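Undergrad: Handing you a structure now.
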Amino acid sequence: MKIIKQNPFRVLGLLGNSTERELQKQIGTIKAFARVGKFKSFNYDLEIIGNISRSIDDIQLAASSIEQAPKKLHYSLFWFIKNSSLDEVALNHLNQNTDKAIEIWNKTLKDEVTPKNYSAYLNLSTLYLALSTIGEELRKNELQQAINLKGLLINSESLKVLSKEVTGNGVLISSDDVNKLFVDEILNSLKPYLDKSKGITTNELISLFESYPPSIQKYLASKFTEVPVTNIENSIDKIISKRKSNPRDAEEYGEELYKSTKSDITLLKKLLGSQNVQYQMLVNKLANEILQCSIDFFNTLRDEGGEYDPGDDALKIAKYAKSIGSTGQTRSRIDESLEFIENWVDDKPEREKYSKIEHEIQVIIILLQKFEEDGQTFNSITELLHKTKPRLEYIKEIVGFDDEQYLNISSAVVQNALGMIIEVVNSAQERLSYDSTKLVALSNTISNAMAVLNLMGSIDMFYEVRERYVKNKQTISSINQQLNSISTTKTQSTNSTSSGNSSNPGCIIVIVIGVIIAIIIAIASDNDSSSSYQTNSSSSSFEPSDYSTTSSVQEQPESEFKGNQLNNGSSPYNALFGSGIYNKNYNNEVTFKNGYNTDAIVCLVDYYSGKTIRNEYIQASSTFQMTNIPNGTYYMKVFSGKDWNPNKILGNGKIKGGFDTNSSFYQSKSPSDLIKLNDDGNQYSSYEITLYQVDNGNMEQQNISENSFFN
């Protein structure tokens with residue numbers, strides 16, 4: 001340490017509290033030797049510290065350096081004084097046995113610095129400083145002890161005693177100024193060791209002064225903040241550029257940013273404190289960018305749909321962002337993103353399970369599309385059932401018989417097939433109504449329908465679909481029995497006429513026509529009592545089918561809440577789904593246009609976690625916009641109807657409030673209808689969705705049960 005090795009007092013061969021007379025005499029002696037080219041040594045040269053230079057120039061510089069009292073006090077802090085007999089004994093041991101000197105001064109130290117022992121604090125701390133920098137490797141233990149002892153002296157009342165002893169007149173210098181000069185000198189002396197393999201890190205250096213007053217720690221911090229702040233901001237700018245250019249590798253960039261700034265952010269926290277505004281702003285900026293790396297990486301790889309699952313790696317980076325200690329909106333954004341990614345990771349077994357059946361589902365969808373295009377024939381219905389049944393069995397084996405997605409697709413097959421059967425039967429029935437000769441054709445149609453219905457019976461389906469299936473099968477079976485009865489009657493009548501009454505053919509015609517009329521009446525009656533005979537054409541997108549006919553509609557009693565509505569944007573089911581989730585950091589928005597003549601409660605559901613994040617009431621023929629939606633992939637569930645009854649009990653007694661009239665439940669969950677929202681800070685997602693019963697509606701729906709809606 002140069003300030004000790006070339007300390008002016010050492011150059012002059014004196015102690016720090018030497019008198020002015022001793023000083024001048026010593027200068028004369030040294031100069032005389034120097035003029036004749038000789039080196040004069042003294043008792044306090046302390047060779048253990050290293051060689052000393054005593055040229056004429058060195059002598060003049062040393063003398064001028066301690067002419068002023070403040071300078072004299074400053075340099076004495078880095079040298080030795082003799083204030084007692086124990087100091088003299090210890091000083092005599094310095095050149096031969098430093099351990100003995102340390103032992104002597106240590107015995108003098110007490111709980112506090114006093115006028116009797118202050119010199120021991122000064123001398124011992126100076127010796128430790130000298131020993132700490134001998135050789136290439138910094139001796140941190142001795143350095144820490146030196147700085148602690150020196151701090152105790154500087155920040156004690158004995159500093160005034162030292163000042164008077166050294167300067168002779170007790171010049172008043174504040175401990176704060178002495179502290180700052182001491183800190184500056186230590187920092188300057190340790191530069192060669194800073195952040196070197198055998199030296200000291202910036203963090204360690206800062207820690208050396210933990211026992212010093214807060215004002216001095218703040219002063220020390222100001223010496224180090226500029227460099228780490230610049231490093232962090234440059235690192236952030238660099239990663240932003242790389243992330244935008246190649247989001248597929250954003251996970252690597254996030255980890256790079258976290259690790260490259262970790263030491264700097266730790267240092268700034270130590271220097272500034274976690275409550276410092278500058279520190280908090282920088283931490284939030286850093287955490288935001290690390291999180292954005294996680295989000296971009298996750299979204300890009302997930303949307304590509306390859307075999308690689310980005311969940312675990314994205315979660316790791318998001319946790320890095322959280323560990324930094326951000327605050328406010330940044331912390332909220334990180335927590336929301338972490339929850340989303342954690343749900344994704346937790347759902348990985350489910351996704352892997354469904355990935356095994358993805359191909360089968362796509363094949364069934366194609367078969368349904370082809371089925372719709374093939375036209376109204378029992379061959380096409382039979383072909384659909386034979387080709388889809390083994391695939392449905394495979395799906396059931398993978399996901400289980402009660403899996404909702406399996407039941408969706410299997411119910412769709414049944415509904416499509418059932419709808420086609422109804423159309424074919426109705427068509428045959430209509431032909432019979434104006435042409436009685438079509439009785440045989442109707443009989444064949446009914447027989448074929450029964451065969452296909454029997455084939456459908458083994459397919460799993462939702463309870464509501466099974467109910468429709470059973471009712472329609474019962475109705476068609478009843479018609480089949482009547483037709484068989486007519487056939488038997490006709491045969492018996494023919495035989496009877498041939499054998500006993502061939503002279504009255506007109507009677508036979510009357511009987512046959514009467515039977516036909518009876519059949520038509522029976523069919524009409526069955527239509528009235530059954531749930532369906534007419535249907536909208538179903539498609540592979542699982543649109544909701546209407547199985548009712550004009551004759552089967554039952555008049556509903558008028559609701560006591562007729563015309564009652566909630567305001568647009570009301571959330572009637574917060575008690576079930578929780579309060580709506582908003583994030584002001586995101587500008588994602590979805591505008592819903594309700595073209596129904598009924599009101600609707602629209603639920604926005606996270607596709608991967610199944611969590612409903614919004615439930616909003618939208619009045620008939622009105623528009624409503626959901627805003628500040630977190631990034632993610634969503635689908636829509638809808639409960640529509642009229643006459644809002646706040647007392648109506650639904651969901652097996654768990655839900656209060658619902659529509660009294662024309663109520664129905666459906667969802668839009670097909671892959672083409674998923675709502676993918678992403679706000680990356682530069683662009684955000686904006687969707688406009690027209691509910692189904694409007695010309696050019698842009699989202700297809702499938703009926704679901706009441707329980708499915710409220711789950």
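Residues are named by chain letter and number: chains run A, B, ... in the order of the structure tokens, numbers start at 1 in each chain, and ligands are numbered from 1 in the order shown.
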Give me the residues of segment 78-193 of chain A that have any atom at most 7 Å from an atom of segment 205-212 of chain A; for each, the nearest atom pair and the distance in Å, rounded to one decimal. Use only C-alpha atoms, sort by chain and number, and format it as a Markdown table.

TA:
| residue | atom | partner | partner_atom | distance |
| --- | --- | --- | --- | --- |
| A:Gln144 | CA | A:Leu208 | CA | 5.8 |
| A:Ile147 | CA | A:Leu208 | CA | 6.9 |
| A:Asn148 | CA | A:Ser211 | CA | 7.0 |
| A:Gly151 | CA | A:Tyr212 | CA | 6.5 |

Undergrad: For those residues, write C-alpha atoms to a file as a compact mmCIF listing (two decimals), in the first residue's frame.

TA:
# COMPACT_ATOMS: atom_id res chain seq x y z
CA GLN A 144 -10.94 -5.88 7.55
CA ILE A 147 -10.48 -0.70 8.61
CA ASN A 148 -12.59 -1.60 11.66
CA GLY A 151 -13.05 3.53 11.97

Undergrad: Pick the closest to Tyr582 of chain A from A:Ser260, A:Asn95, A:Asn631, A:Ser326: which is it, counting only C-alpha atoms?

TA: A:Asn631

Undergrad: Quick one: residues within 9 Å of Ile134 of chain A, only C-alpha atoms, excluding same-chain residues fewer than 6 positions away - as a PyMOL selection string?

TA: chain A and resi 1+48-50

Undergrad: May I have the residues within 9 Å of segment 33-41 of chain A as an NGL selection string, using only C-alpha atoms and disregarding those fewer than 3 positions away in the same chain?

TA: :A and (13 or 28-30 or 44-45 or 54-56)

Undergrad: With all heavy atoms retained, write the just-selected residues as a PDB file, in the first residue's frame.

TA:
ATOM      1  N   GLY A  13      11.937   9.022   8.280  1.00  0.00           N
ATOM      2  CA  GLY A  13      12.457   8.224   9.392  1.00  0.00           C
ATOM      3  C   GLY A  13      11.922   8.662  10.728  1.00  0.00           C
ATOM      4  O   GLY A  13      12.618   8.539  11.741  1.00  0.00           O
ATOM      5  N   GLY A  28      17.630  17.577   7.619  1.00  0.00           N
ATOM      6  CA  GLY A  28      19.023  17.981   7.386  1.00  0.00           C
ATOM      7  C   GLY A  28      19.946  16.781   7.313  1.00  0.00           C
ATOM      8  O   GLY A  28      20.840  16.712   6.451  1.00  0.00           O
ATOM      9  N   THR A  29      19.776  15.838   8.202  1.00  0.00           N
ATOM     10  CA  THR A  29      20.622  14.642   8.235  1.00  0.00           C
ATOM     11  C   THR A  29      20.484  13.837   6.942  1.00  0.00           C
ATOM     12  O   THR A  29      21.474  13.412   6.331  1.00  0.00           O
ATOM     13  CB  THR A  29      20.251  13.759   9.431  1.00  0.00           C
ATOM     14  OG1 THR A  29      20.413  14.510  10.643  1.00  0.00           O
ATOM     15  CG2 THR A  29      21.117  12.511   9.475  1.00  0.00           C
ATOM     16  N   ILE A  30      19.238  13.612   6.529  1.00  0.00           N
ATOM     17  CA  ILE A  30      18.999  12.791   5.339  1.00  0.00           C
ATOM     18  C   ILE A  30      19.567  13.463   4.098  1.00  0.00           C
ATOM     19  O   ILE A  30      20.184  12.808   3.238  1.00  0.00           O
ATOM     20  CB  ILE A  30      17.487  12.521   5.165  1.00  0.00           C
ATOM     21  CG1 ILE A  30      16.956  11.710   6.363  1.00  0.00           C
ATOM     22  CG2 ILE A  30      17.203  11.768   3.868  1.00  0.00           C
ATOM     23  CD1 ILE A  30      15.457  11.565   6.389  1.00  0.00           C
ATOM     24  N   TYR A  44      12.724   3.269  12.435  1.00  0.00           N
ATOM     25  CA  TYR A  44      11.333   3.030  12.036  1.00  0.00           C
ATOM     26  C   TYR A  44      11.166   2.838  10.526  1.00  0.00           C
ATOM     27  O   TYR A  44      10.128   3.124   9.951  1.00  0.00           O
ATOM     28  CB  TYR A  44      10.437   4.183  12.517  1.00  0.00           C
ATOM     29  CG  TYR A  44      10.564   4.411  14.004  1.00  0.00           C
ATOM     30  CD1 TYR A  44      11.053   5.613  14.493  1.00  0.00           C
ATOM     31  CD2 TYR A  44      10.226   3.398  14.903  1.00  0.00           C
ATOM     32  CE1 TYR A  44      11.184   5.822  15.853  1.00  0.00           C
ATOM     33  CE2 TYR A  44      10.369   3.603  16.266  1.00  0.00           C
ATOM     34  CZ  TYR A  44      10.847   4.814  16.745  1.00  0.00           C
ATOM     35  OH  TYR A  44      10.998   5.006  18.091  1.00  0.00           O
ATOM     36  N   ASP A  45      12.232   2.348   9.890  1.00  0.00           N
ATOM     37  CA  ASP A  45      12.121   2.076   8.449  1.00  0.00           C
ATOM     38  C   ASP A  45      11.196   0.873   8.172  1.00  0.00           C
ATOM     39  O   ASP A  45      10.577   0.786   7.111  1.00  0.00           O
ATOM     40  CB  ASP A  45      13.505   1.795   7.857  1.00  0.00           C
ATOM     41  CG  ASP A  45      14.316   3.074   7.698  1.00  0.00           C
ATOM     42  OD1 ASP A  45      13.731   4.165   7.879  1.00  0.00           O
ATOM     43  OD2 ASP A  45      15.505   2.982   7.379  1.00  0.00           O
ATOM     44  N   ARG A  54      14.765   7.325  -0.729  1.00  0.00           N
ATOM     45  CA  ARG A  54      15.091   8.543   0.015  1.00  0.00           C
ATOM     46  C   ARG A  54      16.008   9.439  -0.823  1.00  0.00           C
ATOM     47  O   ARG A  54      17.060   9.876  -0.399  1.00  0.00           O
ATOM     48  CB  ARG A  54      15.782   8.203   1.332  1.00  0.00           C
ATOM     49  CG  ARG A  54      14.826   7.730   2.429  1.00  0.00           C
ATOM     50  CD  ARG A  54      15.466   7.857   3.805  1.00  0.00           C
ATOM     51  NE  ARG A  54      14.539   7.503   4.854  1.00  0.00           N
ATOM     52  CZ  ARG A  54      14.626   6.422   5.616  1.00  0.00           C
ATOM     53  NH1 ARG A  54      15.631   5.580   5.434  1.00  0.00           N
ATOM     54  NH2 ARG A  54      13.743   6.199   6.543  1.00  0.00           N
ATOM     55  N   SER A  55      15.575   9.757  -1.994  1.00  0.00           N
ATOM     56  CA  SER A  55      16.345  10.696  -2.810  1.00  0.00           C
ATOM     57  C   SER A  55      16.058  12.116  -2.325  1.00  0.00           C
ATOM     58  O   SER A  55      15.173  12.333  -1.491  1.00  0.00           O
ATOM     59  CB  SER A  55      15.936  10.565  -4.281  1.00  0.00           C
ATOM     60  OG  SER A  55      14.582  10.968  -4.448  1.00  0.00           O
ATOM     61  N   ILE A  56      16.840  13.094  -2.860  1.00  0.00           N
ATOM     62  CA  ILE A  56      16.610  14.502  -2.502  1.00  0.00           C
ATOM     63  C   ILE A  56      15.171  14.889  -2.817  1.00  0.00           C
ATOM     64  O   ILE A  56      14.500  15.557  -2.020  1.00  0.00           O
ATOM     65  CB  ILE A  56      17.581  15.428  -3.265  1.00  0.00           C
ATOM     66  CG1 ILE A  56      19.035  15.172  -2.808  1.00  0.00           C
ATOM     67  CG2 ILE A  56      17.219  16.890  -3.043  1.00  0.00           C
ATOM     68  CD1 ILE A  56      19.296  15.561  -1.372  1.00  0.00           C
TER      69      ILE A  56
END

Undergrad: Do a neighbour search on segment 681-692 of chain A at 9 Å with only C-alpha atoms, toss out local chain neighbours closer than 5 positions, and write the hits as a list of chain:residue names.

TA: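 Near neighbours after the sequence-gap exclusion: A:Asn585, A:Tyr586, A:Asn587, A:Asn588, A:Glu589, A:Val590, A:Thr591, A:Phe592, A:Lys593, A:Asn594, A:Gly595, A:Tyr596, A:Gln625, A:Asn631, A:Ile675, A:Lys676, A:Gly697, A:Asn698, A:Met699, A:Glu700, A:Gln701.
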
Undergrad: Since we have the selection now, will you write its residues out, keeping N, CA and C atoms, as a compact mmCIF listing (two decimals), in the first residue's frame?

TA:
# COMPACT_ATOMS: atom_id res chain seq x y z
N ASN A 585 -51.22 -3.60 -17.57
CA ASN A 585 -50.01 -3.59 -18.40
C ASN A 585 -50.30 -4.05 -19.82
N TYR A 586 -51.47 -4.69 -20.03
CA TYR A 586 -51.81 -5.23 -21.34
C TYR A 586 -53.03 -4.49 -21.91
N ASN A 587 -52.97 -4.20 -23.20
CA ASN A 587 -54.07 -3.51 -23.88
C ASN A 587 -54.93 -4.48 -24.70
N ASN A 588 -54.73 -5.79 -24.51
CA ASN A 588 -55.52 -6.76 -25.26
C ASN A 588 -57.02 -6.52 -25.05
N GLU A 589 -57.81 -6.67 -26.12
CA GLU A 589 -59.23 -6.41 -26.01
C GLU A 589 -60.01 -7.34 -26.94
N VAL A 590 -61.25 -7.67 -26.53
CA VAL A 590 -62.17 -8.46 -27.35
C VAL A 590 -63.52 -7.76 -27.34
N THR A 591 -64.03 -7.46 -28.53
CA THR A 591 -65.34 -6.83 -28.66
C THR A 591 -66.37 -7.87 -29.08
N PHE A 592 -67.46 -7.98 -28.31
CA PHE A 592 -68.51 -8.94 -28.59
C PHE A 592 -69.74 -8.22 -29.13
N LYS A 593 -70.24 -8.69 -30.28
CA LYS A 593 -71.48 -8.17 -30.85
C LYS A 593 -72.56 -9.25 -30.67
N ASN A 594 -73.53 -8.96 -29.84
CA ASN A 594 -74.58 -9.94 -29.56
C ASN A 594 -75.72 -9.73 -30.56
N GLY A 595 -75.81 -10.59 -31.57
CA GLY A 595 -76.85 -10.49 -32.57
C GLY A 595 -78.08 -11.30 -32.22
N TYR A 596 -78.02 -12.02 -31.07
CA TYR A 596 -79.18 -12.78 -30.66
C TYR A 596 -80.34 -11.86 -30.28
N GLN A 625 -67.26 -4.53 -24.87
CA GLN A 625 -65.82 -4.75 -25.06
C GLN A 625 -65.16 -5.14 -23.75
N ASN A 631 -52.25 -11.70 -21.37
CA ASN A 631 -51.82 -12.54 -22.48
C ASN A 631 -52.25 -13.98 -22.23
N ILE A 675 -59.04 -17.82 -29.07
CA ILE A 675 -58.72 -16.39 -29.02
C ILE A 675 -57.33 -16.25 -28.42
N LYS A 676 -56.35 -15.91 -29.25
CA LYS A 676 -54.96 -15.82 -28.79
C LYS A 676 -54.58 -14.35 -28.63
N GLY A 697 -71.70 -14.44 -38.91
CA GLY A 697 -71.11 -14.63 -37.59
C GLY A 697 -69.78 -15.36 -37.72
N ASN A 698 -68.78 -14.95 -36.93
CA ASN A 698 -67.43 -15.45 -37.16
C ASN A 698 -66.94 -16.44 -36.11
N MET A 699 -67.86 -17.03 -35.37
CA MET A 699 -67.43 -18.03 -34.39
C MET A 699 -68.50 -19.11 -34.26
N GLU A 700 -68.10 -20.36 -34.45
CA GLU A 700 -69.04 -21.46 -34.39
C GLU A 700 -69.14 -21.99 -32.97
N GLN A 701 -70.30 -22.60 -32.68
CA GLN A 701 -70.57 -23.01 -31.31
C GLN A 701 -71.07 -24.44 -31.24

Undergrad: Report the distance between atom CA of Val440 of chain A and atom CA of Ile486 of chain A in Å, rounded to one decimal place.

TA: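 Atom-to-atom, atom CA of Val440 of chain A and atom CA of Ile486 of chain A are spaced 10.7 Å apart.
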
Undergrad: Please report the interatomic distance between atom CA of Phe639 of chain A and atom CA of Ser664 of chain A in Å with one decimal.

TA: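 Separating atom CA of Phe639 of chain A from atom CA of Ser664 of chain A is a distance of 5.8 Å.
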
Undergrad: Considering only C-alpha atoms, return as a list in words whatever protein or nucleic-acid residues lie within 12 Å of Ala250 of chain A, sequence-local ones (same chain, fewer than 6 positions apart) excluded.

TA: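 Everything that qualifies: Ile239, Ile240, Ser241, Lys242, Arg243, Lys244, Glu256, Leu257, Glu289, Ile290, Leu291, Gln292, Cys293, Ser294, Ile295, Asp296, Phe297, Phe298, Asn299, Thr300, Leu301, Pro310, Asp313, Ala314, Ile317 and Ala318 of chain A.
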
Undergrad: If you run DSSP over the backbone, which residues in segment 111-158 of chain A end up alpha helix (DSSP H)? Put them as a PyMOL selection string.

TA: chain A and resi 118-132+140-154+158
